[in-house]
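Colleague: Supplied structure: start.cif, mmCIF, C-alpha atoms and all ligand atoms.
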```cif
data_my_file
loop_
_atom_site.label_atom_id
_atom_site.label_comp_id
_atom_site.auth_asym_id
_atom_site.auth_seq_id
_atom_site.Cartn_x
_atom_site.Cartn_y
_atom_site.Cartn_z
CA MET A 1 0.00 0.00 0.00
CA LYS A 2 1.35 3.40 -0.98
CA LYS A 3 1.39 6.11 1.69
CA ILE A 4 -1.09 8.95 1.21
CA ALA A 5 0.48 12.40 0.76
CA PHE A 6 -1.64 15.54 1.13
CA ILE A 7 -0.16 18.54 -0.70
CA THR A 8 -1.54 22.06 -0.43
CA GLY A 9 -0.87 24.56 -3.21
CA ALA A 10 -0.41 21.84 -5.83
CA THR A 11 -1.87 23.87 -8.71
CA SER A 12 1.44 25.52 -9.61
CA GLY A 13 5.11 26.03 -8.82
CA ILE A 14 6.65 24.19 -5.89
CA GLY A 15 3.51 22.24 -4.90
CA GLU A 16 2.95 20.97 -8.43
CA ALA A 17 6.59 19.82 -8.57
CA ILE A 18 6.18 18.07 -5.20
CA ALA A 19 3.10 16.24 -6.53
CA ARG A 20 5.04 15.14 -9.61
CA ILE A 21 8.02 13.83 -7.64
CA LEU A 22 5.93 12.01 -5.01
CA ALA A 23 3.49 10.51 -7.51
CA PRO A 24 5.26 7.24 -8.25
CA ASP A 25 5.58 6.24 -4.56
CA HIS A 26 2.52 7.86 -2.97
CA SER A 27 -1.21 8.15 -3.40
CA LEU A 28 -1.83 11.87 -3.67
CA ILE A 29 -4.40 14.32 -2.38
CA ILE A 30 -3.67 17.48 -4.33
CA CYS A 31 -5.21 20.77 -3.20
CA GLY A 32 -5.64 24.32 -4.44
CA ARG A 33 -8.40 26.76 -5.30
CA ARG A 34 -8.12 26.45 -9.11
CA LYS A 35 -10.20 23.36 -9.95
CA GLU A 36 -9.23 23.20 -13.65
CA LYS A 37 -5.53 23.10 -12.77
CA LEU A 38 -6.14 20.37 -10.21
CA ALA A 39 -8.12 18.33 -12.74
CA LYS A 40 -5.38 18.68 -15.39
CA LEU A 41 -2.60 17.66 -13.02
CA ALA A 42 -4.68 14.78 -11.64
CA SER A 43 -5.37 13.37 -15.08
CA GLU A 44 -1.67 13.46 -15.89
CA LEU A 45 -0.52 11.91 -12.60
CA ARG A 46 -3.16 9.16 -12.60
CA ALA A 47 -0.87 7.33 -15.05
CA LYS A 48 1.49 6.85 -12.09
CA SER A 49 -0.67 6.81 -8.99
CA LYS A 50 -4.05 7.21 -7.34
CA VAL A 51 -4.95 10.90 -7.15
CA HIS A 52 -7.76 12.69 -5.28
CA THR A 53 -8.38 16.42 -5.74
CA LEU A 54 -9.65 18.86 -3.10
CA SER A 55 -10.45 22.46 -3.89
CA PHE A 56 -10.63 24.83 -0.91
CA ASP A 57 -9.15 28.06 0.40
CA VAL A 58 -6.71 27.28 3.22
CA SER A 59 -7.55 30.56 4.93
CA ASP A 60 -11.19 29.50 5.41
CA ALA A 61 -11.19 27.32 8.54
CA THR A 62 -14.69 25.94 7.88
CA ALA A 63 -13.82 25.03 4.29
CA VAL A 64 -10.62 23.32 5.43
CA GLN A 65 -12.50 21.26 8.00
CA SER A 66 -15.32 20.21 5.69
CA ALA A 67 -12.99 19.40 2.75
CA ILE A 68 -10.87 17.09 4.89
CA ASP A 69 -13.81 15.64 6.86
CA GLY A 70 -15.48 14.84 3.53
CA LEU A 71 -12.62 12.67 2.26
CA PRO A 72 -13.74 9.16 1.30
CA THR A 73 -12.70 6.60 3.94
CA GLU A 74 -9.93 5.17 1.78
CA TRP A 75 -8.30 8.63 1.60
CA GLN A 76 -8.40 9.49 5.30
CA ASP A 77 -5.20 7.88 6.46
CA ILE A 78 -2.87 10.74 5.53
CA GLU A 79 0.75 9.93 6.38
CA VAL A 80 2.54 12.84 4.70
CA LEU A 81 1.28 16.41 4.94
CA VAL A 82 3.03 19.05 2.84
CA ASN A 83 1.92 22.53 3.91
CA ASN A 84 3.01 24.46 0.85
CA ALA A 85 0.10 26.77 -0.10
CA GLY A 86 0.95 30.44 0.18
CA ASN A 87 1.96 33.57 -1.63
CA ALA A 88 3.29 37.09 -1.20
CA HIS A 89 0.80 39.84 -2.00
CA GLY A 90 2.42 43.18 -2.77
CA ARG A 91 5.78 44.56 -1.70
CA SER A 92 5.71 47.98 -0.08
CA PRO A 93 6.95 49.89 2.98
CA ILE A 94 4.89 49.36 6.10
CA HIS A 95 3.23 52.79 5.95
CA GLU A 96 1.91 52.10 2.46
CA GLY A 97 0.80 48.48 2.87
CA GLU A 98 -2.62 47.31 1.68
CA LEU A 99 -4.67 45.72 4.47
CA ALA A 100 -6.21 43.21 2.07
CA ASP A 101 -2.70 42.04 1.12
CA TRP A 102 -1.73 41.71 4.77
CA ASP A 103 -4.83 39.67 5.52
CA ALA A 104 -4.22 37.39 2.55
CA MET A 105 -0.65 36.67 3.70
CA ILE A 106 -1.31 36.17 7.40
CA ASP A 107 -4.51 34.22 6.76
CA GLY A 108 -3.18 32.12 3.88
CA ASN A 109 0.47 31.52 4.71
CA LEU A 110 0.23 31.17 8.48
CA LYS A 111 -3.33 30.57 9.63
CA GLY A 112 -4.05 28.34 6.62
CA LEU A 113 -1.09 26.12 7.44
CA LEU A 114 -2.30 25.91 11.04
CA TYR A 115 -5.91 25.11 10.06
CA VAL A 116 -4.84 22.25 7.78
CA THR A 117 -2.45 20.87 10.39
CA ARG A 118 -5.10 21.08 13.11
CA VAL A 119 -7.46 18.87 11.12
CA ILE A 120 -4.93 16.35 9.83
CA SER A 121 -2.55 15.95 12.80
CA PRO A 122 -4.92 14.22 15.32
CA ARG A 123 -5.03 11.10 13.16
CA MET A 124 -1.23 11.09 12.97
CA VAL A 125 -1.10 11.45 16.76
CA ALA A 126 -3.51 8.52 17.16
CA LYS A 127 -1.37 6.37 14.85
CA LYS A 128 1.88 7.65 16.35
CA SER A 129 3.39 8.29 12.93
CA GLY A 130 3.43 10.81 10.13
CA ASP A 131 5.50 13.46 8.41
CA ILE A 132 4.61 17.16 8.30
CA ILE A 133 6.65 19.27 5.91
CA ASN A 134 6.15 23.03 6.11
CA ILE A 135 7.37 25.20 3.26
CA GLY A 136 8.67 28.36 4.93
CA SER A 137 11.08 30.74 3.26
CA ILE A 138 14.38 32.55 3.69
CA ALA A 139 11.90 35.40 4.35
CA GLY A 140 11.08 33.52 7.55
CA LYS A 141 14.70 33.60 8.65
CA GLU A 142 15.79 37.13 7.59
CA VAL A 143 13.64 40.17 6.91
CA TYR A 144 14.22 42.37 3.87
CA PRO A 145 13.07 45.91 3.03
CA GLU A 146 9.40 46.10 2.04
CA GLY A 147 8.95 42.42 2.87
CA ASN A 148 7.50 43.25 6.33
CA VAL A 149 4.22 41.29 6.47
CA TYR A 150 5.23 38.48 4.09
CA CYS A 151 8.32 38.01 6.28
CA ALA A 152 6.16 38.11 9.41
CA SER A 153 3.92 35.38 7.99
CA LYS A 154 6.95 33.22 7.21
CA PHE A 155 8.66 33.90 10.57
CA GLY A 156 5.33 32.68 11.95
CA VAL A 157 5.58 29.53 9.85
CA ASP A 158 9.09 28.91 11.20
CA ALA A 159 7.93 29.38 14.80
CA ALA A 160 4.86 27.20 14.25
CA THR A 161 7.06 24.50 12.70
CA LYS A 162 9.35 24.47 15.74
CA GLY A 163 6.35 24.43 18.08
CA MET A 164 4.73 21.54 16.22
CA ARG A 165 7.98 19.59 16.44
CA LEU A 166 7.95 19.95 20.24
CA ASP A 167 4.29 19.05 20.64
CA LEU A 168 4.36 16.10 18.26
CA ASN A 169 7.67 14.72 19.50
CA PRO A 170 6.07 12.14 21.86
CA TYR A 171 4.16 10.65 18.93
CA GLY A 172 7.07 9.96 16.56
CA ILE A 173 5.82 12.51 14.04
CA ARG A 174 8.56 14.15 11.99
CA VAL A 175 8.13 17.91 11.51
CA ILE A 176 10.33 19.44 8.86
CA GLY A 177 10.83 23.05 7.76
CA ILE A 178 12.09 23.75 4.24
CA HIS A 179 13.09 27.36 3.58
CA PRO A 180 13.79 28.29 -0.04
CA GLY A 181 15.34 31.43 -1.47
CA LEU A 182 14.40 32.60 -4.97
CA VAL A 183 12.36 29.99 -6.85
CA GLU A 184 10.92 30.86 -10.25
CA THR A 185 7.23 29.97 -10.12
CA GLU A 186 3.99 31.98 -10.33
CA PHE A 187 5.03 33.53 -7.00
CA SER A 188 6.23 36.90 -8.34
CA MET A 189 3.33 37.24 -10.77
CA VAL A 190 1.00 36.88 -7.79
CA ARG A 191 3.08 39.22 -5.61
CA PHE A 192 3.18 41.92 -8.31
CA LYS A 193 -0.43 41.36 -9.36
CA GLY A 194 0.28 40.27 -12.91
CA ASP A 195 3.05 42.81 -13.69
CA LYS A 196 5.24 40.68 -15.99
CA GLN A 197 8.16 43.12 -16.07
CA LYS A 198 8.46 43.35 -12.28
CA SER A 199 8.06 39.60 -11.94
CA LYS A 200 10.75 38.88 -14.51
CA SER A 201 13.20 41.25 -12.84
CA VAL A 202 13.22 39.13 -9.67
CA TYR A 203 15.05 36.34 -11.52
CA GLU A 204 17.11 38.47 -13.92
CA GLY A 205 20.84 37.79 -14.13
CA ILE A 206 20.69 34.61 -12.03
CA THR A 207 19.82 30.98 -12.43
CA PRO A 208 17.03 30.73 -9.85
CA LEU A 209 15.80 27.61 -8.14
CA TYR A 210 12.93 25.77 -9.80
CA GLY A 211 10.05 23.92 -8.17
CA LYS A 212 11.80 20.60 -8.82
CA ASP A 213 14.78 21.66 -6.67
CA ILE A 214 12.49 22.06 -3.66
CA ALA A 215 10.50 18.93 -4.51
CA GLU A 216 13.74 16.92 -4.44
CA MET A 217 14.31 18.15 -0.86
CA VAL A 218 10.81 17.06 0.13
CA LYS A 219 11.37 13.60 -1.31
CA PHE A 220 14.76 13.40 0.41
CA VAL A 221 13.40 14.20 3.88
CA ILE A 222 10.47 11.80 3.50
CA ASP A 223 12.74 9.01 2.30
CA ARG A 224 15.03 9.13 5.36
CA PRO A 225 14.71 6.10 7.62
CA PRO A 226 12.15 6.54 10.43
CA HIS A 227 14.79 7.36 13.08
CA VAL A 228 16.06 10.37 11.09
CA THR A 229 14.41 13.82 11.07
CA ILE A 230 15.89 16.53 8.88
CA ALA A 231 14.50 19.36 10.99
CA ASP A 232 15.35 22.37 8.87
CA ILE A 233 16.68 23.07 5.39
CA THR A 234 17.54 26.45 3.87
CA ILE A 235 18.07 26.23 0.13
CA PHE A 236 19.33 29.04 -2.11
CA PRO A 237 20.15 29.38 -5.75
CA THR A 238 23.96 29.55 -5.86
CA ALA A 239 23.77 33.23 -6.87
CA GLN A 240 22.00 34.06 -3.59
CA ALA A 241 23.78 34.37 -0.23
CA SER A 242 21.04 35.91 1.91
CA SER A 243 17.62 37.51 1.66
CA THR A 244 19.24 40.72 0.44
CA LEU A 245 22.46 39.62 -1.27
CA VAL A 246 22.07 38.22 -4.78
CA HIS A 247 24.95 38.25 -7.26
CA ARG A 248 23.45 39.12 -10.65
CA GLN A 249 25.28 38.85 -13.97
CA PRO A 250 24.71 41.87 -16.21
P1 LIG A 301 2.91 29.73 -6.75
O1 LIG A 301 2.20 31.04 -6.83
O2 LIG A 301 3.42 29.12 -8.01
O3 LIG A 301 2.01 28.65 -6.00
C1 LIG A 301 1.26 28.98 -4.85
C2 LIG A 301 0.31 27.84 -4.57
O4 LIG A 301 -0.37 28.09 -3.34
C3 LIG A 301 -0.73 27.67 -5.65
O5 LIG A 301 -0.94 26.31 -5.88
C4 LIG A 301 -1.97 28.31 -5.04
O6 LIG A 301 -3.13 27.63 -5.51
C5 LIG A 301 -1.77 27.99 -3.55
N1 LIG A 301 -2.46 28.94 -2.68
C6 LIG A 301 -2.12 30.22 -2.44
N2 LIG A 301 -3.00 30.78 -1.59
C7 LIG A 301 -3.91 29.82 -1.29
C8 LIG A 301 -5.08 29.79 -0.49
N3 LIG A 301 -5.48 30.86 0.21
N4 LIG A 301 -5.78 28.63 -0.42
C9 LIG A 301 -5.40 27.56 -1.11
N5 LIG A 301 -4.30 27.52 -1.89
C10 LIG A 301 -3.57 28.64 -1.98
O7 LIG A 301 4.13 29.97 -5.73
P2 LIG A 301 5.23 28.96 -5.15
O8 LIG A 301 5.09 27.62 -5.70
O9 LIG A 301 6.52 29.66 -5.30
O10 LIG A 301 4.85 29.01 -3.61
C11 LIG A 301 4.63 27.85 -2.83
C12 LIG A 301 5.12 28.12 -1.42
O11 LIG A 301 6.53 28.35 -1.44
C13 LIG A 301 4.49 29.34 -0.76
O12 LIG A 301 4.23 29.04 0.59
C14 LIG A 301 5.59 30.39 -0.87
O13 LIG A 301 5.50 31.36 0.13
C15 LIG A 301 6.83 29.51 -0.69
N6 LIG A 301 8.08 30.06 -1.15
C16 LIG A 301 8.23 30.48 -2.45
C17 LIG A 301 9.44 31.00 -2.87
C18 LIG A 301 9.66 31.52 -4.25
O14 LIG A 301 10.64 32.24 -4.46
N7 LIG A 301 8.82 31.18 -5.23
C19 LIG A 301 10.60 31.05 -1.95
C20 LIG A 301 10.31 30.62 -0.62
C21 LIG A 301 9.11 30.11 -0.25
P3 LIG A 301 -4.49 28.31 -6.01
O15 LIG A 301 -4.14 29.70 -6.51
O16 LIG A 301 -4.99 27.40 -7.08
O17 LIG A 301 -5.33 28.30 -4.79
C1 LIG A 302 9.97 33.89 -1.30
C2 LIG A 302 11.39 34.35 -1.34
O1 LIG A 302 12.90 36.35 -1.08
O2 LIG A 302 10.93 36.61 -2.48
O3 LIG A 302 9.63 33.45 -0.03
O4 LIG A 302 10.72 36.49 -0.09
S1 LIG A 302 11.47 36.04 -1.23
#
```
Render the structure in this file as structure tokens.
Ligand code: NDP
Ligand code: 8X3

Modeller:
Amino acid sequence: MKKIAFITGATSGIGEAIARILAPDHSLIICGRRKEKLAKLASELRAKSKVHTLSFDVSDATAVQSAIDGLPTEWQDIEVLVNNAGNAHGRSPIHEGELADWDAMIDGNLKGLLYVTRVISPRMVAKKSGDIINIGSIAGKEVYPEGNVYCASKFGVDAATKGMRLDLNPYGIRVIGIHPGLVETEFSMVRFKGDKQKSKSVYEGITPLYGKDIAEMVKFVIDRPPHVTIADITIFPTAQASSTLVHRQP
């Protein structure tokens, strides 16, 4: 029997790459708000594995609960949870920030991750096994100018990850934080609200990371023997040395 992996934010970027890399060895529950994207990915991955799709907004606690409660019995035994859903919304100094952007980041990146974990983790506790992988960010380790609330949401993810590891320690549940630097996905198009020029400039003059680079880390941590927990990974493109230092070729 393949283990069941539950992946949030699987409709693009890092989450989609995680679904692809886990597909051969796992049954997958892939999640996201965009149903058409879920359906397309599911139909592709069904050649390799069983796939179930769930469309809900992670920031809506009631929707999270009813989506997961409504899983067919054969899909309820989730052994791998990848909390990946999230985005940056806007980039501006604190005194010019948009409240709607702040809400989207705190509610989606931090509270959403907590809501999903709250519903899925009790079964792992009862079974005394499971893996929870939280996708944080270098923005959750170091702040950068105009990153204020996005960074706060990701510092929150880092703190929540460490807290979960303490609380779930007696139950043999592995809690893993993966913190990427610049990864070229739909992330910047979302952050800059469809501004292609601004989005492109984020990755100009460097070879960024791609979703697959992060997915390989997820597979690596899951594939460790049960007595090994890789607690925390920070992964940069080689051109990046910190949140604020990126060596760009002209
Ligand atoms: P993408 O924009 O490509 O993907 C974001 C995913 O999250 C989509 O599948 C989207 O699905 C889902 N999502 C966002 N908000 C919600 C929500 N409220 N409810 C449900 N699903 C949601 O970006 P990435 O793949 O780059 O981002 C994935 C994670 O990686 C995020 O947590 C991000 O913060 C983190 N990260 C990204 C980095 C980067 O440079 N790209 C670096 C460090 C961390 P849908 O729109 O269909 O709901
Ligand atoms: C995404 C990386 O540096 O754009 O979390 O915040 S960064």

Colleague: Select, from A:Arg20, A:Lys50, A:Lys127, A:Lys3, the residue with the minimum atom-to-atom distance to Gly211 in chain A, counting only C-alpha atoms.

Modeller: A:Arg20

Colleague: List all protein, DNA and RNA residues that have any atom at most 10 Å from ligand LIG 302 (chain A), counting all atoms listed in the file, and write the list as a JSON list (two decimals) with C-alpha atoms, in the coordinates of the input.

Modeller:
```
[["chain", "number", "residue", "atom", "x", "y", "z"],
["A", 86, "GLY", "CA", 0.95, 30.44, 0.18],
["A", 87, "ASN", "CA", 1.96, 33.57, -1.63],
["A", 88, "ALA", "CA", 3.29, 37.09, -1.20],
["A", 91, "ARG", "CA", 5.78, 44.56, -1.70],
["A", 135, "ILE", "CA", 7.37, 25.20, 3.26],
["A", 136, "GLY", "CA", 8.67, 28.36, 4.93],
["A", 137, "SER", "CA", 11.08, 30.74, 3.26],
["A", 138, "ILE", "CA", 14.38, 32.55, 3.69],
["A", 139, "ALA", "CA", 11.90, 35.40, 4.35],
["A", 140, "GLY", "CA", 11.08, 33.52, 7.55],
["A", 142, "GLU", "CA", 15.79, 37.13, 7.59],
["A", 143, "VAL", "CA", 13.64, 40.17, 6.91],
["A", 144, "TYR", "CA", 14.22, 42.37, 3.87],
["A", 146, "GLU", "CA", 9.40, 46.10, 2.04],
["A", 147, "GLY", "CA", 8.95, 42.42, 2.87],
["A", 148, "ASN", "CA", 7.50, 43.25, 6.33],
["A", 150, "TYR", "CA", 5.23, 38.48, 4.09],
["A", 151, "CYS", "CA", 8.32, 38.01, 6.28],
["A", 154, "LYS", "CA", 6.95, 33.22, 7.21],
["A", 179, "HIS", "CA", 13.09, 27.36, 3.58],
["A", 180, "PRO", "CA", 13.79, 28.29, -0.04],
["A", 181, "GLY", "CA", 15.34, 31.43, -1.47],
["A", 182, "LEU", "CA", 14.40, 32.60, -4.97],
["A", 183, "VAL", "CA", 12.36, 29.99, -6.85],
["A", 184, "GLU", "CA", 10.92, 30.86, -10.25],
["A", 187, "PHE", "CA", 5.03, 33.53, -7.00],
["A", 188, "SER", "CA", 6.23, 36.90, -8.34],
["A", 191, "ARG", "CA", 3.08, 39.22, -5.61],
["A", 202, "VAL", "CA", 13.22, 39.13, -9.67],
["A", 203, "TYR", "CA", 15.05, 36.34, -11.52],
["A", 236, "PHE", "CA", 19.33, 29.04, -2.11],
["A", 240, "GLN", "CA", 22.00, 34.06, -3.59],
["A", 242, "SER", "CA", 21.04, 35.91, 1.91],
["A", 243, "SER", "CA", 17.62, 37.51, 1.66],
["A", 244, "THR", "CA", 19.24, 40.72, 0.44]]
```

Colleague: Separation of CA of Pro145 in chain A and CA of Pro93 in chain A, in Å?

Modeller: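 Here the two named atoms are 7.3 Å from each other.
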
Colleague: May I have the protein, DNA and RNA residues with any atom at most 12 Å from the point (16.0, 11.7, 10.8), counting all atoms listed in the file, written as a compact mmCIF listing (two decimals) with C-alpha atoms, in the coordinates of the input?

Modeller:
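Just written: out.txt:
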```txt
# COMPACT_ATOMS: atom_id res chain seq x y z
CA ASP A 131 5.50 13.46 8.41
CA GLY A 172 7.07 9.96 16.56
CA ILE A 173 5.82 12.51 14.04
CA ARG A 174 8.56 14.15 11.99
CA VAL A 175 8.13 17.91 11.51
CA ILE A 176 10.33 19.44 8.86
CA PHE A 220 14.76 13.40 0.41
CA VAL A 221 13.40 14.20 3.88
CA ILE A 222 10.47 11.80 3.50
CA ASP A 223 12.74 9.01 2.30
CA ARG A 224 15.03 9.13 5.36
CA PRO A 225 14.71 6.10 7.62
CA PRO A 226 12.15 6.54 10.43
CA HIS A 227 14.79 7.36 13.08
CA VAL A 228 16.06 10.37 11.09
CA THR A 229 14.41 13.82 11.07
CA ILE A 230 15.89 16.53 8.88
CA ALA A 231 14.50 19.36 10.99
CA ASP A 232 15.35 22.37 8.87
```

Colleague: Taking all atoms listed in the file into account, name the residue in A:Lys40, A:Lys111, A:Lys162, A:Arg33 that is nearest to ligand LIG 301 (chain A).

Modeller: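 Of A:Lys40, A:Lys111, A:Lys162, A:Arg33, the one nearest ligand LIG 301 (chain A), counting all atoms listed in the file, is A:Arg33.
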
Colleague: With a distance cut-off of 8 Å and all atoms listed in the file, select the neighbouring residues of Ile206 in chain A, excluding the residue or stretch itself and same-chain residues fewer than 3 positions from it, and output the selection as a ChimeraX atom specification.

Modeller: /A:203,239,247-249

Colleague: Would you compute the distance between CA of Ala67 in chain A and atom O5 of ligand LIG 301 (chain A)? Give it in Å to one decimal.

Modeller: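 Atom O5 of ligand LIG 301 (chain A) lies 16.4 Å from CA of Ala67 in chain A.
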